[in-house]
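In what follows, a structure is listed as structure tokens, so that the remarks can point back to it.
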Amino acid sequence: MHESFWQKLLKFYIPLALFILFLLFPFYWMFNTSLKPMKELYNLKLNPFYIHSPTLDNIKTLFFETIFFRWMYNTFFVAILSTVISLGASLLAAYAIQRLKFKTSGPTGLAIFFGYLIPPTILFIPLATIIFDLRLWDSLWSLVLTYPTFLIPFCTWLLMGYFKSIPKEMEECAMIDGASRLRVFWRIVIPLCLPGIFSAGIFAFTLSWNEFLYALAFISATESKTVPIGLVTELVRGDVYHWGPLMTGALLASVPVALVYSFFVEHYVAGLTGALKE
Amino acid sequence: MAKVILENISKHFVSKYSTEVIAVRDFSLEIEDKEFVVFVGPSGCGKTTTLRMIAGLEEITEGKIYIGDRLINRIPAKDRDIAMVFQNYALYPHMTVYDNLAFSLEMRKFSKEEINQRVREAADLLEISELLQRKPKQLSGGQRQRVAVGRTIVRKPQVFLFDEPLSNLDAKLRVQMRGELKKLHERLSSTIIYVTHDQVEAMTMGDRIVVMKDGLIQQVGKPLDLYFHPINKFVGGFIGSPTMNFIEAKLVASNHKLYVEADGMKLIVPVEKAQQLQGSINKKVTLGIRPQDLSKASSSVDGETFKAFVEIIEPIGNEIYLDVKAGRDSLIASVDPKTKVGPHEEILLQANLENIHLFDAGNEKTLL
């Protein structure tokens with residue numbers, strides 16, 4: 001029996017609407033704040049949900065008084081490179097652990113997992129020494145090289161689960177058909193795992209885009225900063241929060257991530273649920 | 001096309017808890033060129049493992065395998081010149097039927113024209129020409145099956161391997177594909193090794209059947225040889241449907257005649273069989289009677305009939321299965337559909353004594 005409209009409204013649409021409201025509120029708040037002049041922000045008598053005298057001053061401040069675009073470029077550079085490196089390494093690692101079944105494949109998988117469990121707040125101290133020894137201090141490469149330390153374990157585990165869902169016979173069949181192991185990987189495994197690879201890639205990209213601790217620890221030159229660090233260190237001067245430009249920056253910084261998600265959302269969901277369509 | 005020779009093949013696995021599991025022991029078999037050989041047995045008997053060793057998907061622990069004159073133990077799967085159909089078909093879901101068929105030829109660097117010609121040929125043969133541009137998920141079970149077979153024949157390999165290819169199909173389609181595969185074998189006149197757990201499939205398709213259990217070959221032979229002359233109790237019970245009845249009994253001699261005596265029945269052993277049984281007198285034996293060798297008798301004949309109590313009646317159509325109790329033994333009799341019999345009735349059953357089987361109660365080997 002079909003549910004009536006009212007039942008559907010009560011059970012589905014109203015909870016969904018509340019949930020969406022809750023999720024989108026921060027974006028609304030950022031948007032709202034970014035268009036208000038400083039005076040209005042600190043005036044408690046005005047309705048905070050409404051913009052009384054809209055202004056573009058905050059955007060001007062962000063664009064012309066800081067090097068926001070440089071930070072955006074830096075963030076892209078780091079996020080894309082570390083994602084590519086991590087995906088490449090994880091694809092091979094996950095496949096080897098899942099399919100080649102060498103003697104230590106089980107323990108290797110576990111070790112990678114344990115590696116992921118070490119909190120970055122501890123790991124950044126030894127990593128800082130290494131970065132210093134490599135003379136990569138203040139260089140974007142310090143981030144490109146350290147992000148994979150948490151991205152690779154993460155992607156490897158995600159992809160391992162995905163590889164497991166591919167019937168072994170398909171690969172065996174391809175091998176009997178005359179393909180080498182690498183050929184099988186390239187022609188059969190990768191195309192079938194695209195949803196999984198997409199979701200691992202999106203995760204890796206988002207994690208590196210939002211990363212804060214390593215970027216804060218390893219970068220101090222203004223022109224090498226990523227967006228999260230740049231905004232917080234350059235727009236909070238002493239104890240003065242420049243809320244307007246801060247929120248503008250945060251809003252603009254969330255656009256690429258939102259775009260990436262909406263672009264690949266179908267693959268992404270399929271990847272998470274491990275739905276391999278035969 | 002080629003002979004396949006397996007010499008003393010064994011396969012040992014090391015299980016998760018580091019205990020050694022022997023999946024196949026000392027398997028020796030010579031498969032003739034163009035022969036259709038079926039490996040049959042219950043699950044876990046090692047039949048699939050043996051097939052996978054021939055395919056090169058499993059390492060061979062001991063022994064040698066030859067295809068043609070070539071020792072293939074160390075040759076990787078891709079160079080063995082074999083083709084295999086898997087139970088779940090293992091079609092490549094992201095490729096069209098055409099690409100599925102063409103894949104192995106592409107890997108072997110055939111020219112575009114040659115690939116096209118061979119794919120069309122195979123598609124015609126299997127009547128899947130109109131499906132070539134579809135993806136596997138748009139096909140029915142039977143069509144997928146055909147594509148899986150087509151993928152093997154485009155390459156014209158020396159040996160075809162089939163791993164339970166019909167078990168995912170519904171009963172009707174299975175019977176149809178059984179016939180088609182047999183016809184295909186005649187047309188291609190190629191060596192086929194076929195694995196199944198279904199004895200009907202084995203009986204209807206195989207030139208020769210290899211019955212396996214616990215990694216050991218029990219018996220190798222033509223279908224009807226296995227049916228009429230099972231070498232042990234296991235083969236007797238495995239081949240034939242419904243299953244052969246087994247009755248714990250004792251061989252006794254009286255008045256120069258030999259009898260099989262069990263609870264509630266005493267059957268006379270035909271003279272020509274009796275001679276082979278002299279050594280087993282007064283020993284415990286297992287009597288095997290196929291359900292088809294039991295029929296309803298109208299009057300009691302000493303040494304041939306026995307009383308049975310009908311518990312369940314299962315009309316099949318061309319025969320009726322009677323689940324009966326004779327003494328403490330439960331038996332199945334497959335009788336003529338015109339037989340008049342009611343449930344919970346006591347009847348007389350007559351055994352066709354020419355076709356009885358006797359097995360040693362200890363080692364279960366045939367005594368006849």
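Residues in the structure tokens are named by chain (A, B, ... in the order shown) and by number from 1 within that chain; ligands are numbered from 1 in the order shown.
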Next item on the list: Any chance you could list, as a PyMOL selection string, the residues in segment 159-230 of chain B that come up alpha helix (DSSP H) when DSSP is run on the backbone?
Entry: chain B and resi 171-188+199-205+223-228
For the residues in the current selection, export N, CA and C atoms as an mmCIF file, in the first residue's frame.
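So part-v5.cif came out as:
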data_model
loop_
_atom_site.group_PDB
_atom_site.id
_atom_site.type_symbol
_atom_site.label_atom_id
_atom_site.label_comp_id
_atom_site.auth_asym_id
_atom_site.auth_seq_id
_atom_site.Cartn_x
_atom_site.Cartn_y
_atom_site.Cartn_z
ATOM 1 N N ALA B 171 16.237 -25.206 -13.727
ATOM 2 C CA ALA B 171 16.252 -26.618 -14.102
ATOM 3 C C ALA B 171 16.015 -26.833 -15.599
ATOM 4 N N LYS B 172 15.071 -26.089 -16.162
ATOM 5 C CA LYS B 172 14.718 -26.309 -17.553
ATOM 6 C C LYS B 172 15.859 -25.911 -18.484
ATOM 7 N N LEU B 173 16.416 -24.730 -18.189
ATOM 8 C CA LEU B 173 17.505 -24.218 -19.002
ATOM 9 C C LEU B 173 18.728 -25.132 -18.902
ATOM 10 N N ARG B 174 18.894 -25.708 -17.715
ATOM 11 C CA ARG B 174 20.037 -26.576 -17.484
ATOM 12 C C ARG B 174 19.991 -27.784 -18.425
ATOM 13 N N VAL B 175 18.803 -28.360 -18.547
ATOM 14 C CA VAL B 175 18.652 -29.526 -19.424
ATOM 15 C C VAL B 175 18.932 -29.126 -20.866
ATOM 16 N N GLN B 176 18.447 -27.940 -21.244
ATOM 17 C CA GLN B 176 18.651 -27.469 -22.612
ATOM 18 C C GLN B 176 20.139 -27.229 -22.902
ATOM 19 N N MET B 177 20.814 -26.534 -21.956
ATOM 20 C CA MET B 177 22.231 -26.223 -22.166
ATOM 21 C C MET B 177 23.076 -27.485 -22.162
ATOM 22 N N ARG B 178 22.640 -28.474 -21.376
ATOM 23 C CA ARG B 178 23.338 -29.749 -21.322
ATOM 24 C C ARG B 178 23.425 -30.325 -22.731
ATOM 25 N N GLY B 179 22.283 -30.330 -23.405
ATOM 26 C CA GLY B 179 22.252 -30.842 -24.771
ATOM 27 C C GLY B 179 23.122 -30.014 -25.698
ATOM 28 N N GLU B 180 23.055 -28.682 -25.513
ATOM 29 C CA GLU B 180 23.814 -27.818 -26.418
ATOM 30 C C GLU B 180 25.311 -27.985 -26.247
ATOM 31 N N LEU B 181 25.729 -28.136 -24.991
ATOM 32 C CA LEU B 181 27.159 -28.309 -24.757
ATOM 33 C C LEU B 181 27.637 -29.612 -25.378
ATOM 34 N N LYS B 182 26.792 -30.636 -25.303
ATOM 35 C CA LYS B 182 27.165 -31.919 -25.880
ATOM 36 C C LYS B 182 27.303 -31.798 -27.400
ATOM 37 N N LYS B 183 26.345 -31.090 -27.996
ATOM 38 C CA LYS B 183 26.415 -30.885 -29.448
ATOM 39 C C LYS B 183 27.674 -30.107 -29.810
ATOM 40 N N LEU B 184 27.945 -29.084 -28.986
ATOM 41 C CA LEU B 184 29.114 -28.238 -29.228
ATOM 42 C C LEU B 184 30.378 -29.083 -29.212
ATOM 43 N N HIS B 185 30.437 -30.017 -28.269
ATOM 44 C CA HIS B 185 31.593 -30.894 -28.165
ATOM 45 C C HIS B 185 31.777 -31.691 -29.446
ATOM 46 N N GLU B 186 30.674 -32.165 -30.006
ATOM 47 C CA GLU B 186 30.767 -32.929 -31.248
ATOM 48 C C GLU B 186 31.262 -32.049 -32.385
ATOM 49 N N ARG B 187 30.736 -30.808 -32.424
ATOM 50 C CA ARG B 187 31.128 -29.913 -33.511
ATOM 51 C C ARG B 187 32.574 -29.504 -33.433
ATOM 52 N N LEU B 188 33.025 -29.191 -32.212
ATOM 53 C CA LEU B 188 34.396 -28.698 -32.058
ATOM 54 C C LEU B 188 35.377 -29.853 -32.011
ATOM 55 N N GLN B 199 25.243 -35.663 -10.482
ATOM 56 C CA GLN B 199 25.538 -36.927 -11.148
ATOM 57 C C GLN B 199 24.750 -37.099 -12.441
ATOM 58 N N VAL B 200 23.581 -36.445 -12.533
ATOM 59 C CA VAL B 200 22.812 -36.560 -13.769
ATOM 60 C C VAL B 200 23.575 -35.892 -14.908
ATOM 61 N N GLU B 201 24.115 -34.704 -14.644
ATOM 62 C CA GLU B 201 24.938 -34.025 -15.631
ATOM 63 C C GLU B 201 26.103 -34.907 -16.053
ATOM 64 N N ALA B 202 26.749 -35.501 -15.059
ATOM 65 C CA ALA B 202 27.908 -36.341 -15.339
ATOM 66 C C ALA B 202 27.502 -37.516 -16.226
ATOM 67 N N MET B 203 26.413 -38.183 -15.866
ATOM 68 C CA MET B 203 25.993 -39.370 -16.601
ATOM 69 C C MET B 203 25.601 -39.023 -18.035
ATOM 70 N N THR B 204 24.897 -37.893 -18.201
ATOM 71 C CA THR B 204 24.376 -37.600 -19.530
ATOM 72 C C THR B 204 25.432 -37.024 -20.462
ATOM 73 N N MET B 205 26.453 -36.361 -19.915
ATOM 74 C CA MET B 205 27.377 -35.653 -20.791
ATOM 75 C C MET B 205 28.702 -36.359 -21.020
ATOM 76 N N PRO B 223 29.780 -44.014 -18.178
ATOM 77 C CA PRO B 223 28.620 -43.784 -17.298
ATOM 78 C C PRO B 223 27.910 -45.063 -16.874
ATOM 79 N N LEU B 224 27.592 -45.942 -17.820
ATOM 80 C CA LEU B 224 26.807 -47.104 -17.442
ATOM 81 C C LEU B 224 27.631 -48.137 -16.673
ATOM 82 N N ASP B 225 28.943 -48.161 -16.928
ATOM 83 C CA ASP B 225 29.804 -49.044 -16.130
ATOM 84 C C ASP B 225 29.733 -48.658 -14.658
ATOM 85 N N LEU B 226 29.750 -47.343 -14.417
ATOM 86 C CA LEU B 226 29.687 -46.880 -13.030
ATOM 87 C C LEU B 226 28.342 -47.246 -12.408
ATOM 88 N N TYR B 227 27.323 -47.168 -13.235
ATOM 89 C CA TYR B 227 25.974 -47.428 -12.729
ATOM 90 C C TYR B 227 25.819 -48.911 -12.385
ATOM 91 N N PHE B 228 26.266 -49.775 -13.271
ATOM 92 C CA PHE B 228 26.035 -51.199 -13.049
ATOM 93 C C PHE B 228 27.133 -51.868 -12.230
#
Check: Could you write out as a ChimeraX atom specification the residues of chain B within 9 Å of chain A, counting only C-alpha atoms?
Finding: /B:55-57,76-94,103-108,135-137,151-152,155
Item checked: Separation of atom CA of Gly303 of chain B from atom CA of Ile239 of chain B, in Å and rounded to one decimal -> 27.1 Å
Check: What is the atom CA of Tyr321 of chain B-atom CA of Gly237 of chain B distance in Å, reported with one decimal?
Finding: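 Distance reported for this atom pair: 16.8 Å.
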Next item on the list: May I have all residues of segment 202-248 of chain B that DSSP, computed from the backbone, assigns to strand (DSSP E or B), given as a PyMOL selection string?
Entry: chain B and resi 208-213+216-221+232+245-248
Serialized selection, C-alpha atoms, as an mmCIF file, in the first residue's frame:
data_model
loop_
_atom_site.group_PDB
_atom_site.id
_atom_site.type_symbol
_atom_site.label_atom_id
_atom_site.label_comp_id
_atom_site.auth_asym_id
_atom_site.auth_seq_id
_atom_site.Cartn_x
_atom_site.Cartn_y
_atom_site.Cartn_z
ATOM 1 C CA ARG B 208 34.065 -41.019 -19.101
ATOM 2 C CA ILE B 209 33.357 -40.092 -15.505
ATOM 3 C CA VAL B 210 35.824 -39.675 -12.681
ATOM 4 C CA VAL B 211 34.121 -40.028 -9.304
ATOM 5 C CA MET B 212 36.034 -38.324 -6.499
ATOM 6 C CA LYS B 213 35.714 -38.195 -2.747
ATOM 7 C CA LEU B 216 40.848 -39.403 -3.990
ATOM 8 C CA ILE B 217 39.664 -40.900 -7.244
ATOM 9 C CA GLN B 218 37.083 -43.552 -6.392
ATOM 10 C CA GLN B 219 36.381 -44.882 -9.842
ATOM 11 C CA VAL B 220 36.923 -43.954 -13.464
ATOM 12 C CA GLY B 221 34.671 -45.363 -16.137
ATOM 13 C CA ASN B 232 32.446 -49.304 -3.726
ATOM 14 C CA ASN B 245 19.250 -48.455 -0.830
ATOM 15 C CA PHE B 246 21.825 -49.767 1.609
ATOM 16 C CA ILE B 247 20.915 -52.459 4.105
ATOM 17 C CA GLU B 248 23.134 -53.871 6.840
#
Margin query: I'd like to know which of A:Pro148, A:Pro26, A:Gly196, A:Pro37 is closest to Lys164 of chain A, using only C-alpha atoms.
Written below: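 Distance minimum relative to Lys164 of chain A lands on A:Gly196.
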Margin query: Report, in Å to a single decimal, how far apart atom CA of Ser10 of chain B and atom CA of Glu59 of chain B are.
Written below: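 Between these atoms lies a distance of 9.9 Å.
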Item checked: All residues 7 Å or closer to Ile60 of chain B, only C-alpha atoms, same chain fewer than 6 positions away omitted, as a list in words -> Ser10, Lys11, Met53 and Asn73 of chain B
Produce a file of the selected residues containing N, CA and C atoms, as a PDB file, in the first residue's frame.
ATOM      1  N   SER B  10      49.117 -34.192  -6.542  1.00  0.00           N
ATOM      2  CA  SER B  10      48.624 -33.932  -5.185  1.00  0.00           C
ATOM      3  C   SER B  10      48.583 -32.441  -4.946  1.00  0.00           C
ATOM      4  N   LYS B  11      47.668 -32.046  -4.086  1.00  0.00           N
ATOM      5  CA  LYS B  11      47.605 -30.629  -3.724  1.00  0.00           C
ATOM      6  C   LYS B  11      47.461 -30.508  -2.215  1.00  0.00           C
ATOM      7  N   MET B  53      44.256 -26.763 -11.069  1.00  0.00           N
ATOM      8  CA  MET B  53      45.672 -27.079 -11.284  1.00  0.00           C
ATOM      9  C   MET B  53      45.964 -27.248 -12.767  1.00  0.00           C
ATOM     10  N   ASN B  73      53.653 -27.952 -15.658  1.00  0.00           N
ATOM     11  CA  ASN B  73      53.721 -27.565 -14.239  1.00  0.00           C
ATOM     12  C   ASN B  73      54.174 -26.125 -14.031  1.00  0.00           C
TER      13      ASN B  73
END
Margin query: Give me, as a list in words, all polymer residues having an atom no more than 8 Å from Gln145 of chain B, counting only C-alpha atoms and skipping those fewer than 2 positions away in the same chain.
Written below: Tyr89, Gly141, Gly142, Gln143, Val147, Ala148, Val149, Pro165 and Leu166 of chain B
Notebook entry, point to check: What lies within 10 Å of segment 121-135 of chain A using only C-alpha atoms, ignoring chain neighbours under 3 positions off, as a VMD selection string?
Noted result: chain A and resid 115 118 138 to 139 141 to 143 145 to 146 149 213 to 214 217 to 218
Just write the chosen residues, C-alpha atoms, as an mmCIF file, in the first residue's frame.
data_model
loop_
_atom_site.group_PDB
_atom_site.id
_atom_site.type_symbol
_atom_site.label_atom_id
_atom_site.label_comp_id
_atom_site.auth_asym_id
_atom_site.auth_seq_id
_atom_site.Cartn_x
_atom_site.Cartn_y
_atom_site.Cartn_z
ATOM 1 C CA GLY A 115 49.933 3.466 11.086
ATOM 2 C CA ILE A 118 48.795 7.140 15.270
ATOM 3 C CA ASP A 138 58.444 26.385 4.484
ATOM 4 C CA SER A 139 58.156 24.530 1.204
ATOM 5 C CA TRP A 141 56.709 19.894 -0.784
ATOM 6 C CA SER A 142 56.825 19.347 2.969
ATOM 7 C CA LEU A 143 53.045 19.007 2.847
ATOM 8 C CA LEU A 145 55.247 14.479 1.246
ATOM 9 C CA THR A 146 53.637 14.333 4.693
ATOM 10 C CA THR A 149 51.322 9.454 5.681
ATOM 11 C CA LEU A 213 48.033 20.760 11.850
ATOM 12 C CA TYR A 214 50.913 19.851 9.514
ATOM 13 C CA ALA A 217 53.617 23.287 11.896
ATOM 14 C CA PHE A 218 55.691 23.137 8.715
#
